[in-house]
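Chemist: Sharing data.txt below, compact mmCIF, C-alpha atoms and all ligand atoms:
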# COMPACT_ATOMS: atom_id res chain seq x y z
CA MET A 1 87.51 94.96 -2.32
CA THR A 2 84.63 96.28 -0.24
CA GLY A 3 81.88 97.67 -2.47
CA LYS A 4 79.35 100.38 -1.77
CA LEU A 5 76.81 99.42 0.85
CA ARG A 6 73.29 100.18 -0.34
CA LEU A 7 70.74 101.74 1.98
CA GLY A 8 67.15 100.62 1.65
CA VAL A 9 64.83 102.93 3.55
CA ASN A 10 61.77 101.18 5.00
CA ILE A 11 58.82 103.59 5.00
CA ASP A 12 56.31 101.31 6.80
CA HIS A 13 55.98 103.49 9.84
CA VAL A 14 55.04 106.58 7.88
CA ALA A 15 51.97 104.50 7.03
CA THR A 16 51.57 103.58 10.71
CA VAL A 17 51.14 107.27 11.53
CA ARG A 18 48.86 107.83 8.54
CA ASN A 19 46.64 104.91 9.50
CA ALA A 20 46.27 106.21 13.05
CA ARG A 21 43.78 108.75 11.62
CA GLY A 22 42.62 106.89 8.53
CA GLY A 23 43.36 109.78 6.14
CA PRO A 24 45.92 110.26 3.37
CA THR A 25 48.72 111.90 5.40
CA PRO A 26 51.59 111.45 6.01
CA ASP A 27 52.03 109.87 2.60
CA PRO A 28 54.56 106.98 2.35
CA LEU A 29 55.24 107.92 -1.28
CA ARG A 30 56.33 111.41 -0.26
CA ALA A 31 58.62 109.82 2.34
CA ALA A 32 60.08 107.53 -0.32
CA GLN A 33 60.73 110.51 -2.60
CA ILE A 34 62.50 112.39 0.20
CA ALA A 35 64.55 109.28 1.05
CA GLN A 36 65.52 109.03 -2.61
CA ALA A 37 66.68 112.66 -2.65
CA ALA A 38 68.64 112.05 0.57
CA GLY A 39 70.72 109.21 -0.87
CA ALA A 40 68.68 106.04 -0.36
CA ASP A 41 69.45 103.31 -2.88
CA GLY A 42 66.12 101.55 -2.50
CA ILE A 43 62.77 101.64 -0.73
CA THR A 44 61.45 98.81 1.39
CA ALA A 45 57.80 98.31 2.29
CA HIS A 46 56.23 95.44 4.21
CA LEU A 47 52.67 94.66 3.12
CA ARG A 48 51.51 92.85 6.23
CA GLU A 49 48.60 90.45 6.01
CA ASP A 50 46.71 92.61 8.54
CA ARG A 51 47.54 95.85 6.62
CA ARG A 52 48.48 97.59 9.85
CA HIS A 53 50.75 100.03 7.98
CA ILE A 54 51.41 99.65 4.24
CA MET A 55 48.21 99.03 2.27
CA ASP A 56 47.68 97.57 -1.18
CA ALA A 57 47.32 100.95 -2.92
CA ASP A 58 50.71 102.05 -1.51
CA ILE A 59 52.51 99.40 -3.54
CA ALA A 60 51.28 100.77 -6.89
CA HIS A 61 51.93 104.36 -5.76
CA LEU A 62 55.49 103.52 -4.71
CA ILE A 63 56.33 101.65 -7.90
CA GLY A 64 54.89 104.44 -10.03
CA GLY A 65 56.26 107.33 -8.01
CA ILE A 66 59.92 106.55 -7.37
CA ALA A 67 62.89 105.80 -9.57
CA LEU A 68 64.46 103.55 -6.92
CA PRO A 69 63.97 99.78 -6.75
CA LEU A 70 61.18 98.62 -4.43
CA ASN A 71 61.88 95.75 -2.05
CA LEU A 72 58.46 94.31 -1.13
CA GLU A 73 58.52 92.44 2.18
CA MET A 74 55.83 89.80 2.27
CA ALA A 75 54.70 86.61 3.96
CA ALA A 76 54.88 83.36 2.02
CA THR A 77 51.18 83.23 1.14
CA GLU A 78 49.19 82.86 -2.06
CA GLU A 79 47.65 86.30 -1.54
CA MET A 80 51.05 87.98 -1.31
CA VAL A 81 52.51 86.10 -4.26
CA ALA A 82 49.54 87.24 -6.39
CA ILE A 83 50.13 90.86 -5.32
CA ALA A 84 53.86 90.61 -6.10
CA LEU A 85 53.16 89.11 -9.51
CA GLN A 86 50.62 91.86 -10.22
CA HIS A 87 52.91 94.76 -9.27
CA HIS A 88 56.27 93.28 -10.12
CA PRO A 89 58.55 94.95 -7.54
CA HIS A 90 62.30 94.79 -8.11
CA ALA A 91 62.68 92.43 -5.15
CA ALA A 92 60.47 90.37 -2.84
CA CYS A 93 61.79 89.62 0.62
CA ILE A 94 59.99 86.65 2.20
CA VAL A 95 59.51 87.28 5.91
CA PRO A 96 57.83 85.24 8.64
CA GLU A 97 54.64 86.80 9.95
CA ARG A 98 52.53 86.25 13.00
CA ARG A 99 49.38 88.35 13.22
CA GLU A 100 49.72 89.15 16.91
CA GLU A 101 53.41 90.12 16.86
CA VAL A 102 54.47 93.73 17.45
CA THR A 103 57.18 93.44 14.81
CA THR A 104 59.01 90.74 12.86
CA GLU A 105 60.41 88.81 15.76
CA GLY A 106 62.81 86.43 14.06
CA GLY A 107 63.95 85.00 10.76
CA LEU A 108 62.12 82.73 8.35
CA ASP A 109 62.56 78.99 8.88
CA ALA A 110 63.74 78.40 5.30
CA GLU A 111 64.99 74.94 6.25
CA GLY A 112 61.75 73.74 7.84
CA GLN A 113 59.53 75.25 5.13
CA HIS A 114 61.50 74.07 2.11
CA ASN A 115 58.63 72.29 0.36
CA ARG A 116 56.24 75.22 0.77
CA LEU A 117 58.81 77.87 -0.22
CA LYS A 118 60.33 76.14 -3.23
CA PRO A 119 57.41 76.60 -5.70
CA LEU A 120 56.63 80.07 -4.38
CA ILE A 121 60.23 81.24 -4.91
CA ALA A 122 60.24 79.67 -8.37
CA ARG A 123 57.10 81.60 -9.37
CA LEU A 124 58.52 84.92 -8.20
CA SER A 125 61.91 84.25 -9.78
CA ASP A 126 60.36 83.15 -13.08
CA ALA A 127 58.55 86.51 -13.14
CA GLY A 128 61.92 88.28 -12.85
CA ILE A 129 61.48 89.32 -9.20
CA ARG A 130 64.65 89.06 -7.14
CA VAL A 131 63.81 86.87 -4.16
CA SER A 132 65.36 87.46 -0.78
CA LEU A 133 64.83 85.40 2.38
CA PHE A 134 64.75 87.19 5.74
CA ILE A 135 66.62 84.67 7.92
CA GLU A 136 68.63 84.40 11.09
CA PRO A 137 72.43 84.48 10.59
CA ASP A 138 72.54 80.70 10.86
CA PRO A 139 74.54 78.35 8.56
CA ARG A 140 71.58 75.92 8.32
CA GLN A 141 69.32 78.69 7.02
CA ILE A 142 71.95 79.78 4.50
CA GLU A 143 72.25 76.20 3.26
CA ALA A 144 68.44 76.12 2.95
CA ALA A 145 68.47 79.39 0.98
CA LEU A 146 71.03 77.83 -1.34
CA GLN A 147 68.88 74.73 -1.83
CA LEU A 148 65.88 76.96 -2.52
CA GLY A 149 67.77 78.96 -5.16
CA ALA A 150 67.34 82.32 -3.42
CA PRO A 151 69.84 84.85 -4.84
CA VAL A 152 69.68 87.06 -1.73
CA VAL A 153 69.35 86.61 2.03
CA GLU A 154 68.69 89.37 4.55
CA PHE A 155 69.95 88.65 8.06
CA HIS A 156 67.64 89.67 10.89
CA THR A 157 69.75 91.97 13.06
CA GLY A 158 67.21 92.25 15.88
CA ALA A 159 69.12 90.01 18.31
CA TYR A 160 72.28 92.09 17.66
CA ALA A 161 70.39 95.38 18.04
CA HIS A 162 68.85 94.39 21.35
CA ALA A 163 71.98 92.88 22.93
CA GLU A 164 74.74 94.66 24.82
CA GLY A 165 78.42 94.11 25.59
CA GLU A 166 79.85 90.64 24.93
CA ALA A 167 76.43 89.31 23.93
CA GLN A 168 76.25 91.94 21.20
CA ALA A 169 79.81 91.15 20.07
CA GLU A 170 78.78 87.49 19.77
CA GLN A 171 75.73 88.43 17.66
CA LEU A 172 77.97 90.58 15.47
CA ARG A 173 80.32 87.62 14.90
CA ARG A 174 77.34 85.45 13.91
CA ILE A 175 76.28 88.02 11.31
CA ALA A 176 79.82 88.49 9.99
CA ASP A 177 80.34 84.72 9.69
CA ALA A 178 76.97 84.29 8.02
CA ALA A 179 77.68 87.10 5.53
CA ALA A 180 81.00 85.48 4.59
CA LEU A 181 79.35 82.06 4.19
CA ALA A 182 76.52 83.42 2.06
CA ALA A 183 78.90 85.35 -0.20
CA LYS A 184 81.16 82.29 -0.55
CA ASN A 185 78.13 80.37 -1.79
CA GLY A 186 77.14 83.03 -4.31
CA ILE A 187 74.25 84.47 -2.27
CA GLU A 188 74.14 88.27 -1.82
CA PRO A 189 73.87 89.06 1.90
CA HIS A 190 71.80 91.96 3.22
CA ALA A 191 70.93 92.84 6.82
CA GLY A 192 68.35 94.80 8.75
CA HIS A 193 65.98 95.24 11.67
CA GLY A 194 66.46 97.47 14.69
CA LEU A 195 69.46 99.33 13.25
CA THR A 196 70.16 102.84 14.59
CA TYR A 197 72.88 105.50 14.44
CA ASP A 198 74.42 103.88 17.53
CA ASN A 199 74.61 100.29 16.32
CA VAL A 200 74.92 100.53 12.52
CA ALA A 201 78.70 101.00 12.13
CA PRO A 202 79.91 97.48 13.08
CA ILE A 203 77.26 95.96 10.78
CA ALA A 204 78.10 98.35 7.93
CA ALA A 205 81.78 97.38 8.29
CA ILE A 206 81.07 93.73 7.39
CA PRO A 207 82.60 93.70 3.92
CA GLN A 208 80.33 91.11 2.27
CA LEU A 209 77.09 92.91 3.13
CA ALA A 210 75.63 94.61 0.07
CA GLU A 211 72.56 96.30 1.56
CA LEU A 212 71.05 97.40 4.86
CA ASN A 213 67.31 97.95 5.26
CA ILE A 214 66.46 100.45 7.95
CA GLY A 215 63.10 101.91 8.84
CA HIS A 216 61.66 102.38 12.30
CA PHE A 217 64.59 104.38 13.69
CA LEU A 218 64.86 106.64 10.62
CA ILE A 219 61.16 107.50 10.65
CA GLY A 220 61.26 108.16 14.40
CA GLU A 221 64.34 110.35 14.10
CA ALA A 222 62.65 112.25 11.27
CA ILE A 223 60.18 113.63 13.81
CA PHE A 224 63.06 115.59 15.31
CA VAL A 225 65.40 116.36 12.39
CA GLY A 226 63.34 115.70 9.26
CA LEU A 227 63.49 112.62 7.05
CA GLU A 228 66.06 114.01 4.64
CA ALA A 229 68.50 114.71 7.50
CA SER A 230 67.90 111.34 9.20
CA VAL A 231 68.54 109.41 5.98
CA ARG A 232 71.61 111.52 5.13
CA ARG A 233 73.11 110.92 8.57
CA MET A 234 72.58 107.16 8.31
CA ARG A 235 74.14 107.21 4.84
CA GLU A 236 77.19 109.07 6.24
CA LEU A 237 77.60 106.59 9.10
CA MET A 238 77.38 103.64 6.73
CA ASP A 239 79.88 105.17 4.30
CA ALA A 240 82.28 106.04 7.13
CA ALA A 241 82.22 102.43 8.36
CA ARG A 242 83.35 101.05 4.98
C1 LIG B 301 60.69 92.51 8.15
C2 LIG B 301 61.14 93.68 8.89
O1 LIG B 301 62.02 93.58 9.67
C3 LIG B 301 60.49 95.01 8.63
O2 LIG B 301 59.36 94.87 7.90
C4 LIG B 301 60.25 95.80 9.83
O3 LIG B 301 60.06 94.91 10.87
C5 LIG B 301 59.13 96.80 9.72
O4 LIG B 301 57.86 96.24 9.81
P1 LIG B 301 57.20 95.85 11.23
O5 LIG B 301 57.63 96.89 12.22
O6 LIG B 301 55.75 95.81 10.97
O7 LIG B 301 57.75 94.50 11.58
N1 LIG B 302 64.00 94.22 6.95
C1 LIG B 302 64.28 95.19 7.94
C2 LIG B 302 63.63 96.47 7.63
O1 LIG B 302 63.10 96.66 6.56
C3 LIG B 302 63.65 97.58 8.60
O2 LIG B 302 63.54 97.17 9.93
P1 LIG B 302 63.43 98.32 11.05
O3 LIG B 302 64.59 99.27 10.86
O4 LIG B 302 62.13 99.01 10.83
O5 LIG B 302 63.52 97.56 12.35
Translate the structure of the given file into structure tokens.
Ligand SMILES: CC(=O)[C@@H](O)[C@H](O)COP(=O)(O)O
Ligand SMILES: NCC(=O)COP(=O)(O)O
Modeler:
Amino acid sequence: MTGKLRLGVNIDHVATVRNARGGPTPDPLRAAQIAQAAGADGITAHLREDRRHIMDADIAHLIGGIALPLNLEMAATEEMVAIALQHHPHAACIVPERREEVTTEGGLDAEGQHNRLKPLIARLSDAGIRVSLFIEPDPRQIEAALQLGAPVVEFHTGAYAHAEGEAQAEQLRRIADAAALAAKNGIEPHAGHGLTYDNVAPIAAIPQLAELNIGHFLIGEAIFVGLEASVRRMRELMDAAR
């Protein structure tokens, strides 16, 4: 049976706007609280190494100020592991990071980085943090996640979101096949990146997916309709697709 699909609201780009002026507003915690009231099941925040949006103090504020689980997106570095172990978020999603990129351009090479990731994942898991790997919907990466003992994978949906027509249908099949393979192997599949009102339904209809993480579009749409309304609408579209 298809279960409820959780919505994790990524509030990074509230911090992008805040940081444009260097002051305290708009406050990502306030956004997280509104998302919670609007039906979000979790909050996602990406503490980038360059701190271009979420900053260190935001992590403590978010954990202390919301009842929802926090999914901390982070690069596989010593600095980030220390921060995760200090704050103890519900989940840590390991993402690839390149300083000069505009956004997270692709999935983590879990296969190629096995030896580096293995001890890092073990340390987070031993601390009771649920580790997720942000990967491409690729069977080799799922096998690597299995070997690494990651309980969760999040499929990067950017290629799907940016494609059209038959190319998009092909990307959708890749994600659906990957979700089925992950679930068959006991790994909980999530998905996210670049999802919007227009492209979310086919992804939300994939029965094995347990969670979608959506940010940039929701924060942008909030400029026009308010954050509560943008989150509620996304929630409705996801529920309708199930
Ligand atoms: C990993 C990921 O997909 C999200 O963190 C999202 O990309 C928002 O952060 P950026 O826009 O800084 O990549
Ligand atoms: N992991 C994906 C995420 O958190 C949100 O991505 P986006 O909707 O901001 O592209």
Chemist: What residues of the protein or nucleic acid chains come within 9 Å of ligand LIG 301 (chain B) when you use all atoms listed in the file? Reply as a PyMOL selection string.
Modeler: chain A and resi 10-13+16+44-48+52-54+73-74+93-97+101-107+134+156-158+192-194+213-216
Chemist: Those selected residues, please, written with C-alpha atoms and delivered as a tab-separated table (two decimals), in the frame of the given file.
Modeler:
chain	number	residue	atom	x	y	z
A	10	ASN	CA	61.77	101.18	5.00
A	11	ILE	CA	58.82	103.59	5.00
A	12	ASP	CA	56.31	101.31	6.80
A	13	HIS	CA	55.98	103.49	9.84
A	16	THR	CA	51.57	103.58	10.71
A	44	THR	CA	61.45	98.81	1.39
A	45	ALA	CA	57.80	98.31	2.29
A	46	HIS	CA	56.23	95.44	4.21
A	47	LEU	CA	52.67	94.66	3.12
A	48	ARG	CA	51.51	92.85	6.23
A	52	ARG	CA	48.48	97.59	9.85
A	53	HIS	CA	50.75	100.03	7.98
A	54	ILE	CA	51.41	99.65	4.24
A	73	GLU	CA	58.52	92.44	2.18
A	74	MET	CA	55.83	89.80	2.27
A	93	CYS	CA	61.79	89.62	0.62
A	94	ILE	CA	59.99	86.65	2.20
A	95	VAL	CA	59.51	87.28	5.91
A	96	PRO	CA	57.83	85.24	8.64
A	97	GLU	CA	54.64	86.80	9.95
A	101	GLU	CA	53.41	90.12	16.86
A	102	VAL	CA	54.47	93.73	17.45
A	103	THR	CA	57.18	93.44	14.81
A	104	THR	CA	59.01	90.74	12.86
A	105	GLU	CA	60.41	88.81	15.76
A	106	GLY	CA	62.81	86.43	14.06
A	107	GLY	CA	63.95	85.00	10.76
A	134	PHE	CA	64.75	87.19	5.74
A	156	HIS	CA	67.64	89.67	10.89
A	157	THR	CA	69.75	91.97	13.06
A	158	GLY	CA	67.21	92.25	15.88
A	192	GLY	CA	68.35	94.80	8.75
A	193	HIS	CA	65.98	95.24	11.67
A	194	GLY	CA	66.46	97.47	14.69
A	213	ASN	CA	67.31	97.95	5.26
A	214	ILE	CA	66.46	100.45	7.95
A	215	GLY	CA	63.10	101.91	8.84
A	216	HIS	CA	61.66	102.38	12.30
Chemist: Hey, which of A:Glu228, A:Gly42, A:Asn199, A:Glu170 ends up closest to A:Ala241? Count all atoms listed in the file.
Modeler: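 Smallest distance to A:Ala241 is found for A:Asn199.
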Chemist: Got a sec: who's within 12 Å of A:Leu212, counting all atoms listed in the file, leaving out chain neighbours fewer than 4 positions off, as a PyMOL selection string?
Modeler: chain A and resi 4-10+40-44+71+153-157+188-196+200-201+203-206+208+234-235+238-239
Chemist: Which neighbours of A:Arg116 fall inside 10 Å, counting all atoms listed in the file, when residues of the same chain fewer than 5 positions from it are skipped, and could you give them as a PyMOL selection string?
Modeler: chain A and resi 76-77+110+121
Chemist: Between atom CA of A:His87 and atom CA of A:Lys118, what is the distance, to one decimal in Å?
Modeler: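 Atom CA of A:Lys118 lies 20.9 Å from atom CA of A:His87.
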Chemist: Would you compute the distance between atom CA of A:Lys184 and atom CA of A:Gly165? Give it in Å to one decimal.
Modeler: 28.8 Å
Chemist: My list of candidates is A:Ile129, A:Pro139, A:Gly23, A:Pro202. Which is closest to A:Tyr160 when distances are computed with only C-alpha atoms?
Modeler: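 Smallest distance to A:Tyr160 is found for A:Pro202.
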Chemist: Enter the distance from atom CA of A:Glu143 to atom CA of A:Leu172, in Å, rounded to one decimal.
Modeler: 19.7 Å
Chemist: From the list A:Pro151, A:Gly220, A:Pro28, A:Gly186, which residue is nearest A:His61 when using all atoms listed in the file?
Modeler: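 Once distances to A:His61 are computed over all atoms listed in the file, the minimum belongs to A:Pro28.
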Chemist: Using only C-alpha atoms, collect all residues at a distance of at most 9 Å from (59.2, 108.9, 0.9) as written in the file, then present them as a list of chain:residue names.
Modeler: A:Val9, A:Ile11, A:Val14, A:Asp27, A:Pro28, A:Leu29, A:Arg30, A:Ala31, A:Ala32, A:Gln33, A:Ile34, A:Ala35, A:Gln36, A:Ile43, A:Leu62, A:Ile66, A:Leu227
Chemist: Calculated over only C-alpha atoms and all ligand atoms, which of the candidates A:Ala145, A:Leu124, A:Leu237, A:Ala161 has the smallest distance to ligand LIG 302 (chain B)?
Modeler: A:Ala161
Chemist: So, counting only C-alpha atoms and all ligand atoms, which residue among A:Leu133, A:Met55, A:Ala122, A:Leu146 is closest to ligand LIG 302 (chain B)?
Modeler: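 Among A:Leu133, A:Met55, A:Ala122, A:Leu146, it is A:Leu133 that comes nearest to ligand LIG 302 (chain B).
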Chemist: Quick one: of A:Leu181, A:Leu148, A:Leu72, A:Ala210, who's nearest to ligand LIG 302 (chain B), counting only C-alpha atoms and all ligand atoms?
Modeler: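 Among the listed residues, A:Leu72 lies closest to ligand LIG 302 (chain B).
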